[in-house]
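Listing of my_file_8.txt, compact mmCIF, C-alpha atoms
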```
# COMPACT_ATOMS: atom_id res chain seq x y z
CA MET A 1 -6.09 -24.44 -12.77
CA LYS A 2 -5.28 -27.59 -10.81
CA GLY A 3 -2.09 -25.94 -9.59
CA SER A 4 -3.99 -22.88 -8.33
CA VAL A 5 -6.47 -25.05 -6.42
CA ILE A 6 -3.62 -26.88 -4.70
CA VAL A 7 -1.93 -23.57 -3.85
CA VAL A 8 -5.15 -22.15 -2.36
CA SER A 9 -5.81 -25.30 -0.37
CA PHE A 10 -2.37 -25.11 1.23
CA PHE A 11 -3.05 -21.51 2.21
CA VAL A 12 -6.50 -22.36 3.62
CA ALA A 13 -5.08 -25.38 5.46
CA GLY A 14 -2.54 -23.02 7.04
CA ILE A 15 -5.29 -20.65 8.20
CA LEU A 16 -7.29 -23.53 9.70
CA CYS A 17 -4.15 -24.82 11.37
CA GLY A 18 -3.52 -21.37 12.87
CA ILE A 19 -7.10 -21.08 14.13
CA MET A 20 -7.00 -24.55 15.68
CA GLY A 21 -3.76 -23.64 17.43
CA GLY A 22 -5.70 -21.00 19.37
CA SER A 23 -8.34 -23.42 20.64
CA ASN A 24 -6.60 -26.76 20.91
CA GLU A 25 -3.93 -27.32 23.58
CA LEU A 26 -2.21 -30.16 21.76
CA PHE A 27 -1.95 -28.14 18.60
CA ALA A 28 -0.75 -24.92 20.20
CA ASP A 29 2.93 -25.86 20.49
CA PHE A 30 3.06 -27.13 16.94
CA VAL A 31 1.43 -23.98 15.58
CA ALA A 32 3.67 -21.73 17.70
CA LEU A 33 6.66 -23.48 16.17
CA LEU A 34 5.28 -23.12 12.64
CA SER A 35 4.46 -19.45 13.01
CA SER A 36 7.86 -18.50 14.38
CA PRO A 37 9.76 -16.22 11.99
CA LYS A 38 12.73 -18.60 12.03
CA VAL A 39 10.82 -21.42 10.35
CA SER A 40 9.49 -19.30 7.51
CA PHE A 41 12.92 -17.73 7.10
CA CYS A 42 14.52 -21.17 6.76
CA ALA A 43 11.89 -22.20 4.24
CA LEU A 44 12.50 -19.00 2.31
CA CYS A 45 16.26 -19.61 2.30
CA GLY A 46 15.71 -23.14 1.02
CA LEU A 47 13.50 -21.77 -1.71
CA LEU A 48 16.08 -19.17 -2.72
CA LEU A 49 18.83 -21.75 -2.80
CA CYS A 50 16.76 -23.84 -5.24
CA VAL A 51 15.95 -20.76 -7.31
CA GLY A 52 19.66 -19.90 -7.50
CA MET A 53 20.57 -23.46 -8.47
CA ASN A 54 17.93 -23.40 -11.17
CA ILE A 55 19.44 -20.21 -12.61
CA GLY A 56 23.01 -21.42 -12.23
CA SER A 57 22.41 -24.77 -13.89
CA ASN A 58 21.21 -23.05 -17.05
CA PRO A 59 24.25 -22.97 -19.35
CA ASN A 60 22.73 -20.18 -21.48
CA MET A 61 22.14 -17.79 -18.60
CA ILE A 62 24.31 -14.96 -19.83
CA SER A 63 23.25 -15.16 -23.47
CA ASP A 64 19.60 -15.39 -22.35
CA PHE A 65 19.97 -12.20 -20.40
CA ARG A 66 21.71 -10.49 -23.33
CA SER A 67 18.84 -11.38 -25.62
CA LEU A 68 16.52 -9.27 -23.46
CA ASN A 69 15.93 -5.69 -24.42
CA ILE A 70 17.94 -3.27 -22.28
CA ARG A 71 14.77 -1.23 -21.76
CA VAL A 72 13.46 -3.79 -19.26
CA LEU A 73 15.68 -1.92 -16.78
CA PHE A 74 12.83 0.60 -16.57
CA LEU A 75 10.33 -2.05 -15.50
CA PRO A 76 10.37 -1.14 -11.76
CA LEU A 77 9.30 2.41 -12.66
CA ILE A 78 6.47 1.03 -14.82
CA THR A 79 5.38 -1.20 -11.93
CA ILE A 80 5.27 1.70 -9.48
CA LEU A 81 3.33 4.00 -11.81
CA GLY A 82 0.94 1.22 -12.85
CA SER A 83 0.23 0.27 -9.24
CA TRP A 84 -0.58 3.87 -8.39
CA ALA A 85 -2.92 4.07 -11.38
CA GLY A 86 -4.70 0.95 -10.09
CA VAL A 87 -5.01 2.53 -6.64
CA VAL A 88 -6.54 5.67 -8.18
CA VAL A 89 -9.21 3.44 -9.78
CA ALA A 90 -9.85 1.79 -6.38
CA PHE A 91 -10.13 5.27 -4.84
CA PHE A 92 -13.43 5.86 -6.65
CA PHE A 93 -15.01 2.92 -4.81
CA MET A 94 -13.79 3.82 -1.33
CA HIS A 95 -14.21 6.50 1.30
CA ARG A 96 -10.62 7.17 2.18
CA SER A 97 -8.13 9.86 1.29
CA LEU A 98 -6.13 9.28 -1.87
CA SER A 99 -2.78 9.76 -0.11
CA ASP A 100 -3.67 7.08 2.49
CA MET A 101 -4.57 4.66 -0.27
CA LEU A 102 -1.47 5.44 -2.28
CA ALA A 103 0.56 4.70 0.86
CA VAL A 104 -1.15 1.29 1.08
CA GLY A 105 -0.58 0.70 -2.63
CA SER A 106 3.08 1.61 -2.31
CA GLY A 107 3.67 -1.55 -0.30
CA PHE A 108 3.94 -3.39 -3.65
CA ALA A 109 3.11 -6.71 -1.92
CA TYR A 110 5.86 -6.19 0.68
CA TYR A 111 3.29 -6.58 3.43
CA SER A 112 5.48 -6.92 6.51
CA LEU A 113 7.45 -3.71 6.07
CA SER A 114 4.69 -1.53 4.60
CA SER A 115 2.16 -2.47 7.28
CA ILE A 116 4.64 -1.71 10.06
CA PHE A 117 5.41 1.70 8.56
CA ILE A 118 1.78 2.57 7.95
CA THR A 119 0.69 1.41 11.42
CA SER A 120 3.23 3.74 12.99
CA TYR A 121 2.35 6.72 10.76
CA LYS A 122 -1.40 6.31 10.38
CA GLY A 123 -2.67 3.87 13.01
CA VAL A 124 -3.76 0.26 13.29
CA GLU A 125 -6.73 0.38 10.94
CA LEU A 126 -4.86 1.57 7.88
CA GLY A 127 -1.96 -0.65 8.92
CA THR A 128 -4.23 -3.69 8.85
CA ILE A 129 -5.57 -2.68 5.44
CA ALA A 130 -1.98 -2.33 4.23
CA LEU A 131 -1.12 -5.77 5.56
CA LEU A 132 -4.18 -7.41 3.98
CA ALA A 133 -3.97 -5.51 0.68
CA ASN A 134 -0.35 -6.47 0.19
CA VAL A 135 -0.91 -10.08 1.28
CA PHE A 136 -3.77 -10.21 -1.25
CA ARG A 137 -1.51 -8.80 -3.92
CA GLU A 138 1.06 -11.51 -3.28
CA ILE A 139 -1.56 -14.26 -3.24
CA PHE A 140 -3.16 -12.83 -6.39
CA THR A 141 0.21 -12.93 -8.15
CA LEU A 142 0.92 -16.48 -6.98
CA LEU A 143 -2.45 -17.71 -8.18
CA ALA A 144 -2.98 -15.66 -11.33
CA THR A 145 0.52 -15.65 -12.84
CA PRO A 146 -0.34 -18.14 -15.63
CA LEU A 147 -3.42 -16.10 -16.55
CA ILE A 148 -1.60 -12.75 -16.30
CA PHE A 149 1.14 -14.10 -18.56
CA ARG A 150 -1.38 -15.15 -21.21
CA LEU A 151 -3.34 -11.88 -21.08
CA PHE A 152 -0.65 -9.26 -20.57
CA GLY A 153 2.64 -10.75 -21.75
CA PRO A 154 5.85 -11.85 -20.02
CA LEU A 155 6.61 -8.70 -18.03
CA ALA A 156 3.19 -8.42 -16.38
CA PRO A 157 3.61 -11.20 -13.77
CA ILE A 158 6.85 -9.53 -12.71
CA SER A 159 5.08 -6.18 -12.35
CA ALA A 160 2.18 -7.73 -10.45
CA GLY A 161 4.56 -9.37 -7.99
CA GLY A 162 6.00 -5.97 -7.01
CA ALA A 163 8.71 -6.27 -4.38
CA THR A 164 8.28 -10.03 -3.98
CA THR A 165 9.69 -10.99 -7.38
CA MET A 166 13.12 -11.67 -5.93
CA ASP A 167 11.86 -14.16 -3.34
CA THR A 168 8.39 -15.61 -2.85
CA THR A 169 6.91 -15.12 -6.31
CA LEU A 170 10.18 -15.73 -8.17
CA PRO A 171 9.77 -19.50 -8.64
CA ILE A 172 6.26 -19.28 -10.01
CA ILE A 173 7.29 -16.49 -12.39
CA MET A 174 10.32 -18.49 -13.47
CA GLN A 175 8.23 -21.59 -14.11
CA THR A 176 5.54 -19.71 -16.02
CA VAL A 177 7.38 -17.05 -18.01
CA GLY A 178 10.68 -18.86 -18.50
CA ARG A 179 14.05 -18.97 -16.86
CA LYS A 180 15.53 -16.14 -18.88
CA TYR A 181 13.26 -13.63 -17.14
CA SER A 182 14.45 -14.67 -13.69
CA VAL A 183 17.28 -12.13 -13.79
CA VAL A 184 14.78 -9.38 -14.66
CA ALA A 185 12.55 -10.54 -11.79
CA ILE A 186 15.39 -10.45 -9.25
CA TYR A 187 16.56 -7.02 -10.42
CA HIS A 188 12.96 -5.76 -10.37
CA GLY A 189 12.30 -7.15 -6.89
CA PHE A 190 15.47 -5.59 -5.56
CA VAL A 191 14.69 -2.10 -6.87
CA VAL A 192 11.00 -2.10 -5.91
CA ASP A 193 11.81 -3.56 -2.49
CA PHE A 194 14.25 -0.74 -1.92
CA SER A 195 11.68 1.90 -2.91
CA VAL A 196 8.98 0.73 -0.46
CA PRO A 197 10.14 2.53 2.72
CA PHE A 198 10.68 5.79 0.85
CA LEU A 199 7.43 5.82 -1.11
CA VAL A 200 5.27 4.68 1.83
CA THR A 201 6.78 7.43 3.99
CA LEU A 202 6.28 9.97 1.22
CA TRP A 203 2.53 9.27 0.89
CA CYS A 204 2.06 9.11 4.67
CA MET A 205 3.63 12.55 5.05
CA LEU A 206 1.33 14.20 2.51
CA MET B 1 17.21 -8.40 2.21
CA PHE B 2 20.90 -9.08 1.75
CA SER B 3 20.56 -12.63 3.02
CA VAL B 4 18.09 -13.09 0.15
CA ILE B 5 20.69 -12.06 -2.40
CA PHE B 6 23.32 -14.12 -0.59
CA PHE B 7 21.31 -17.34 -0.81
CA ILE B 8 20.50 -16.81 -4.47
CA PHE B 9 24.19 -16.38 -5.26
CA ILE B 10 25.18 -19.48 -3.27
CA GLY B 11 22.54 -21.33 -5.26
CA ILE B 12 23.83 -19.99 -8.58
CA ALA B 13 27.35 -21.11 -7.70
CA LEU B 14 26.09 -24.55 -6.64
CA GLY B 15 23.99 -24.84 -9.78
CA ARG B 16 26.88 -23.87 -11.96
CA PHE B 17 29.40 -26.31 -10.53
CA VAL B 18 27.23 -29.18 -9.35
CA CYS B 19 24.18 -29.34 -11.61
CA ARG B 20 25.63 -28.82 -15.08
CA SER B 21 27.12 -32.29 -15.25
CA LYS B 22 23.72 -33.93 -14.64
CA GLN B 23 21.40 -31.27 -15.88
CA LYS B 24 18.29 -33.33 -16.62
CA THR B 25 18.14 -35.05 -13.23
CA CYS B 26 18.91 -31.78 -11.46
CA ASP B 27 16.22 -29.85 -13.34
CA ALA B 28 13.58 -32.45 -12.51
CA LEU B 29 14.56 -32.51 -8.84
CA LEU B 30 14.75 -28.73 -8.58
CA SER B 31 11.35 -28.16 -10.13
CA ARG B 32 9.83 -30.58 -7.59
CA ALA B 33 11.67 -28.93 -4.71
CA LEU B 34 10.51 -25.49 -5.86
CA THR B 35 6.88 -26.57 -5.98
CA GLY B 36 7.23 -28.09 -2.51
CA PHE B 37 8.73 -24.91 -1.09
CA ILE B 38 5.98 -22.76 -2.63
CA TRP B 39 3.34 -24.95 -0.95
CA LEU B 40 5.19 -24.85 2.36
CA LEU B 41 5.55 -21.05 2.32
CA LEU B 42 1.88 -20.52 1.48
CA PHE B 43 0.92 -22.89 4.27
CA LEU B 44 3.11 -20.92 6.67
CA LEU B 45 1.59 -17.62 5.47
CA GLY B 46 -1.82 -19.16 6.20
CA VAL B 47 -0.72 -20.20 9.70
CA GLU B 48 0.47 -16.66 10.33
CA VAL B 49 -2.90 -15.23 9.24
CA GLY B 50 -4.80 -17.88 11.23
CA CYS B 51 -2.84 -17.13 14.42
CA ASN B 52 -3.40 -13.38 14.23
CA GLU B 53 -6.76 -12.76 15.91
CA ARG B 54 -6.81 -9.06 15.09
CA LEU B 55 -6.35 -9.88 11.44
CA LEU B 56 -8.99 -12.63 11.42
CA ALA B 57 -11.57 -10.46 13.18
CA SER B 58 -11.10 -7.59 10.74
CA LEU B 59 -11.11 -9.77 7.63
CA PRO B 60 -14.82 -9.27 6.76
CA THR B 61 -14.82 -5.44 6.91
CA LEU B 62 -11.34 -4.23 6.09
CA GLY B 63 -10.76 -7.28 3.94
CA VAL B 64 -13.03 -6.09 1.15
CA GLU B 65 -11.26 -2.74 0.92
CA ALA B 66 -7.89 -4.43 1.08
CA LEU B 67 -8.84 -6.92 -1.62
CA LEU B 68 -9.89 -4.06 -3.89
CA VAL B 69 -6.63 -2.16 -3.40
CA GLY B 70 -4.46 -5.27 -3.61
CA VAL B 71 -5.97 -6.65 -6.80
CA LEU B 72 -6.43 -3.30 -8.56
CA SER B 73 -2.86 -2.20 -7.86
CA ALA B 74 -1.61 -5.52 -9.25
CA LEU B 75 -3.84 -5.22 -12.31
CA GLY B 76 -2.80 -1.59 -12.85
CA SER B 77 0.83 -2.63 -12.97
CA CYS B 78 -0.08 -5.52 -15.32
CA VAL B 79 -1.72 -3.14 -17.78
CA ALA B 80 1.25 -0.77 -17.55
CA ALA B 81 3.65 -3.68 -18.13
CA PHE B 82 1.54 -4.84 -21.09
CA PHE B 83 1.87 -1.47 -22.87
CA PHE B 84 5.52 -1.18 -21.89
CA TRP B 85 6.22 -4.62 -23.38
CA HIS B 86 4.40 -3.98 -26.65
CA ARG B 87 5.61 -0.45 -27.13
CA PHE B 88 9.26 -0.69 -26.04
CA CYS B 89 10.55 -4.19 -25.39
CA LYS B 90 9.00 -6.75 -27.71
CA SER B 91 10.95 -5.78 -30.86
CA GLY B 92 14.38 -6.14 -29.29
CA ASP B 93 13.61 -9.47 -27.66
CA SER B 94 14.73 -12.36 -29.81
CA GLU B 95 12.72 -15.41 -28.93
```

Any chance you could give the structure as structure tokens?
Amino acid sequence: MKGSVIVVSFFVAGILCGIMGGSNELFADFVALLSSPKVSFCALCGLLLCVGMNIGSNPNMISDFRSLNIRVLFLPLITILGSWAGVVVAFFFMHRSLSDMLAVGSGFAYYSLSSIFITSYKGVELGTIALLANVFREIFTLLATPLIFRLFGPLAPISAGGATTMDTTLPIIMQTVGRKYSVVAIYHGFVVDFSVPFLVTLWCML
Amino acid sequence: MFSVIFFIFIGIALGRFVCRSKQKTCDALLSRALTGFIWLLLFLLGVEVGCNERLLASLPTLGVEALLVGVLSALGSCVAAFFFWHRFCKSGDSE
């Protein structure tokens, strides 16, 4: 719980920082620097390097992976179908077409790519929803992973993370579920990530 | 996407050849570094949201819909993963 509060406060501090950058001259340069894609890319690379070192320093990596059931290879498919089922439930509370919503849901937390695709196919409004929905999914996974693990078992945080399980949500999954699932998470992230452009386009075309 | 894979592999190689000799110190340092990077990335995500006026202005209206879709799609996949784990994977997984 304490961890989640810290995580949320960093996110909120970032938002406040961004807002202040718009109104305060002194702050503007600093915020412009922070929000440049290069900075977040460098931070992401640093994160991935640490994640890799954490995997590599585990002497039992290969035997850990062998002890997993081979059926976990089907996890990306389960994630995609489960996400769509969740979107169908959301459909009953909203006044939008099911195919539009499935397109949004097929971002699987990969907000940058899915929102760009959806904006170009369906316009700014649905694009913004796609951006927010997938940002929320990522934040939800980051915050709720310990709870999801307790309620739904070790594969659920990986499914919830969607396409982000090979980068941003990987460390939190690794710390919560255990290092041996990191290989599953990377594989899962890779496959789901790859499916996003195809599935989003598919639902936008319908 | 491929730079992502590239950095993970560099890290694995580094971890394998550098960290194994001093595993306890390395593990402690890495877990701290990971937590720090998670905080930094979330802060940067926040800055990105805070800078985007279109996004901020539409948060109250579109935000509710987006929250519903985002959380329900995540929960849907959690439930699916739960059944998948209990039905197909748990037995073969030696803890």

(request) Write out as a list of chain:residue names which residues come within 8 Å of range 50-57 of chain B when counting all atoms listed in the file, dropping same-chain ones fewer than 3 positions away. (result)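 The neighbour list is A:Gly14, A:Ile15, A:Leu16, A:Cys17, A:Gly18, A:Ile19, A:Gly21, A:Gly22, A:Ser35, A:Thr128, B:Gly46, B:Val47, B:Pro60.
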
(message) Which residues are near Ile38 in chain B? Cut-off 8 Å, all atoms listed in the file, ignore same chain within fewer than 2 positions. Put them as number ranges by chain.
(response) A: 47, 168, 171; B: 34-36, 40-42

(message) I'd like the contact shell of Ile5 in chain B - 10 Å cut-off, only C-alpha atoms, skipping same-chain residues fewer than 2 positions apart - returned as a list in words.
(response) Cys45, Leu48, Leu49, Gly52, Met166, Asp167, Ile186 and Phe190 of chain A; Met1, Phe2, Ser3, Phe7, Ile8, Phe9, Ile10 and Gly11 of chain B

(request) May I ask for the distance between CA of Ile172 in chain A and CA of Leu68 in chain A, given in Å to one decimal place? (result)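 These two atoms are separated by 19.7 Å.
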
(request) May I ask which of the residues A:Gly86, A:Arg96, A:Gly46, A:Thr165 is the closest one to Thr145 in chain A, counting all atoms listed in the file? (result) A:Thr165

(message) Env of range 17-32 of chain B: 7 Å cut, atoms = all atoms listed in the file, seq-sep filter 3 positions within chain, self excluded. Answer as a list of chain:residue names.
(response) A:Cys50, A:Asn54, A:Ser57, B:Ala13, B:Leu14, B:Thr35, B:Gly36

Centre, x/y/z edge lengths, axis-aligned box for range 74-90 of chain B with 6 Å per side, as AutoDock Vina command-line options:
```
--center_x 3.4 --center_y -3.6 --center_z -18.5 --size_x 26.4 --size_y 18.3 --size_z 30.5
```

(request) Please provide the set of residues having any atom within 10 Å of Arg150 in chain A, restricted to only C-alpha atoms, with same-chain residues fewer than 6 positions apart removed, written as a VMD selection string. (result) chain A and resid 156 to 157 176 to 177

(request) Could you give me, as a list in words, the residues that have an atom at most 12 Å away from the point (-2.6, -15.0, -17.8) in the coordinates of the file, using only C-alpha atoms? (result) Met1, Phe140, Thr141, Leu142, Leu143, Ala144, Thr145, Pro146, Leu147, Ile148, Phe149, Arg150, Leu151, Phe152, Gly153, Pro154, Leu155, Ala156, Pro157, Ala160, Ile173, Thr176 and Val177 of chain A; Leu75, Cys78, Val79 and Phe82 of chain B

File dump, residues just selected, C-alpha atoms, as a JSON list (two decimals), in the frame of the given file:
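Output contents, as saved in selection16.json:
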```
[["chain", "number", "residue", "atom", "x", "y", "z"],
["A", 1, "MET", "CA", -6.09, -24.44, -12.77],
["A", 140, "PHE", "CA", -3.16, -12.83, -6.39],
["A", 141, "THR", "CA", 0.21, -12.93, -8.15],
["A", 142, "LEU", "CA", 0.92, -16.48, -6.98],
["A", 143, "LEU", "CA", -2.45, -17.71, -8.18],
["A", 144, "ALA", "CA", -2.98, -15.66, -11.33],
["A", 145, "THR", "CA", 0.52, -15.65, -12.84],
["A", 146, "PRO", "CA", -0.34, -18.14, -15.63],
["A", 147, "LEU", "CA", -3.42, -16.10, -16.55],
["A", 148, "ILE", "CA", -1.60, -12.75, -16.30],
["A", 149, "PHE", "CA", 1.14, -14.10, -18.56],
["A", 150, "ARG", "CA", -1.38, -15.15, -21.21],
["A", 151, "LEU", "CA", -3.34, -11.88, -21.08],
["A", 152, "PHE", "CA", -0.65, -9.26, -20.57],
["A", 153, "GLY", "CA", 2.64, -10.75, -21.75],
["A", 154, "PRO", "CA", 5.85, -11.85, -20.02],
["A", 155, "LEU", "CA", 6.61, -8.70, -18.03],
["A", 156, "ALA", "CA", 3.19, -8.42, -16.38],
["A", 157, "PRO", "CA", 3.61, -11.20, -13.77],
["A", 160, "ALA", "CA", 2.18, -7.73, -10.45],
["A", 173, "ILE", "CA", 7.29, -16.49, -12.39],
["A", 176, "THR", "CA", 5.54, -19.71, -16.02],
["A", 177, "VAL", "CA", 7.38, -17.05, -18.01],
["B", 75, "LEU", "CA", -3.84, -5.22, -12.31],
["B", 78, "CYS", "CA", -0.08, -5.52, -15.32],
["B", 79, "VAL", "CA", -1.72, -3.14, -17.78],
["B", 82, "PHE", "CA", 1.54, -4.84, -21.09]]
```

(message) Just to confirm, what's the straight-line distance from CA of Glu138 in chain A to CA of Val31 in chain A in Å (one decimal)?
(response)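 It comes out at 22.6 Å.
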
(message) If I take CA of Pro197 in chain A and CA of Val51 in chain A, how far is one from the other in Å, to one decimal?
(response)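 Between these atoms lies a distance of 26.0 Å.
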
(message) Residues proximal to (-10.8, -5.2, -6.1) were defined as those with any atom within 12 Å of that point in the file's coordinates, counting all atoms listed in the file. Which are they, as a list in words?
(response)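 In the file's frame, the residues around the point are Gly86, Val87, Val88, Val89, Ala90, Phe91, Phe92, Phe93, Met94, Ala133, Phe136, Arg137 and Phe140 of chain A; Gly63, Val64, Glu65, Ala66, Leu67, Leu68, Val69, Gly70, Val71, Leu72, Ser73, Ala74, Leu75 and Gly76 of chain B.
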
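Remark: for chain B, the closest of the candidate residues A:Val183, A:Ala85, A:Leu73, A:Leu26 is A:Ala85 (distances computed over only C-alpha atoms).
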
(message) Between A:Val191, A:Met101, A:Val39, A:Ile55, which residue has the minimum interatomic distance to Gly15 in chain B, considering all atoms listed in the file?
(response)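 Ranked by minimum distance to Gly15 in chain B, first place goes to A:Ile55.
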
(message) Restricting the calculation to all atoms listed in the file: of A:Phe65, A:Phe198, A:Trp84, A:Tyr181, which residue gets closest to chain B?
(response)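 Ranking A:Phe65, A:Phe198, A:Trp84, A:Tyr181 by distance to chain B, first place goes to A:Trp84.
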
(request) Between A:Ile158, A:Val135, A:Met53, A:Leu98, single out the one closest to Tyr111 in chain A, counting all atoms listed in the file. (result) A:Val135

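Of the listed residues B:Val4, B:Ala80, B:Ile12, B:Leu62, the one whose atoms come nearest to Val124 in chain A is B:Leu62, with distances taken using all atoms listed in the file.
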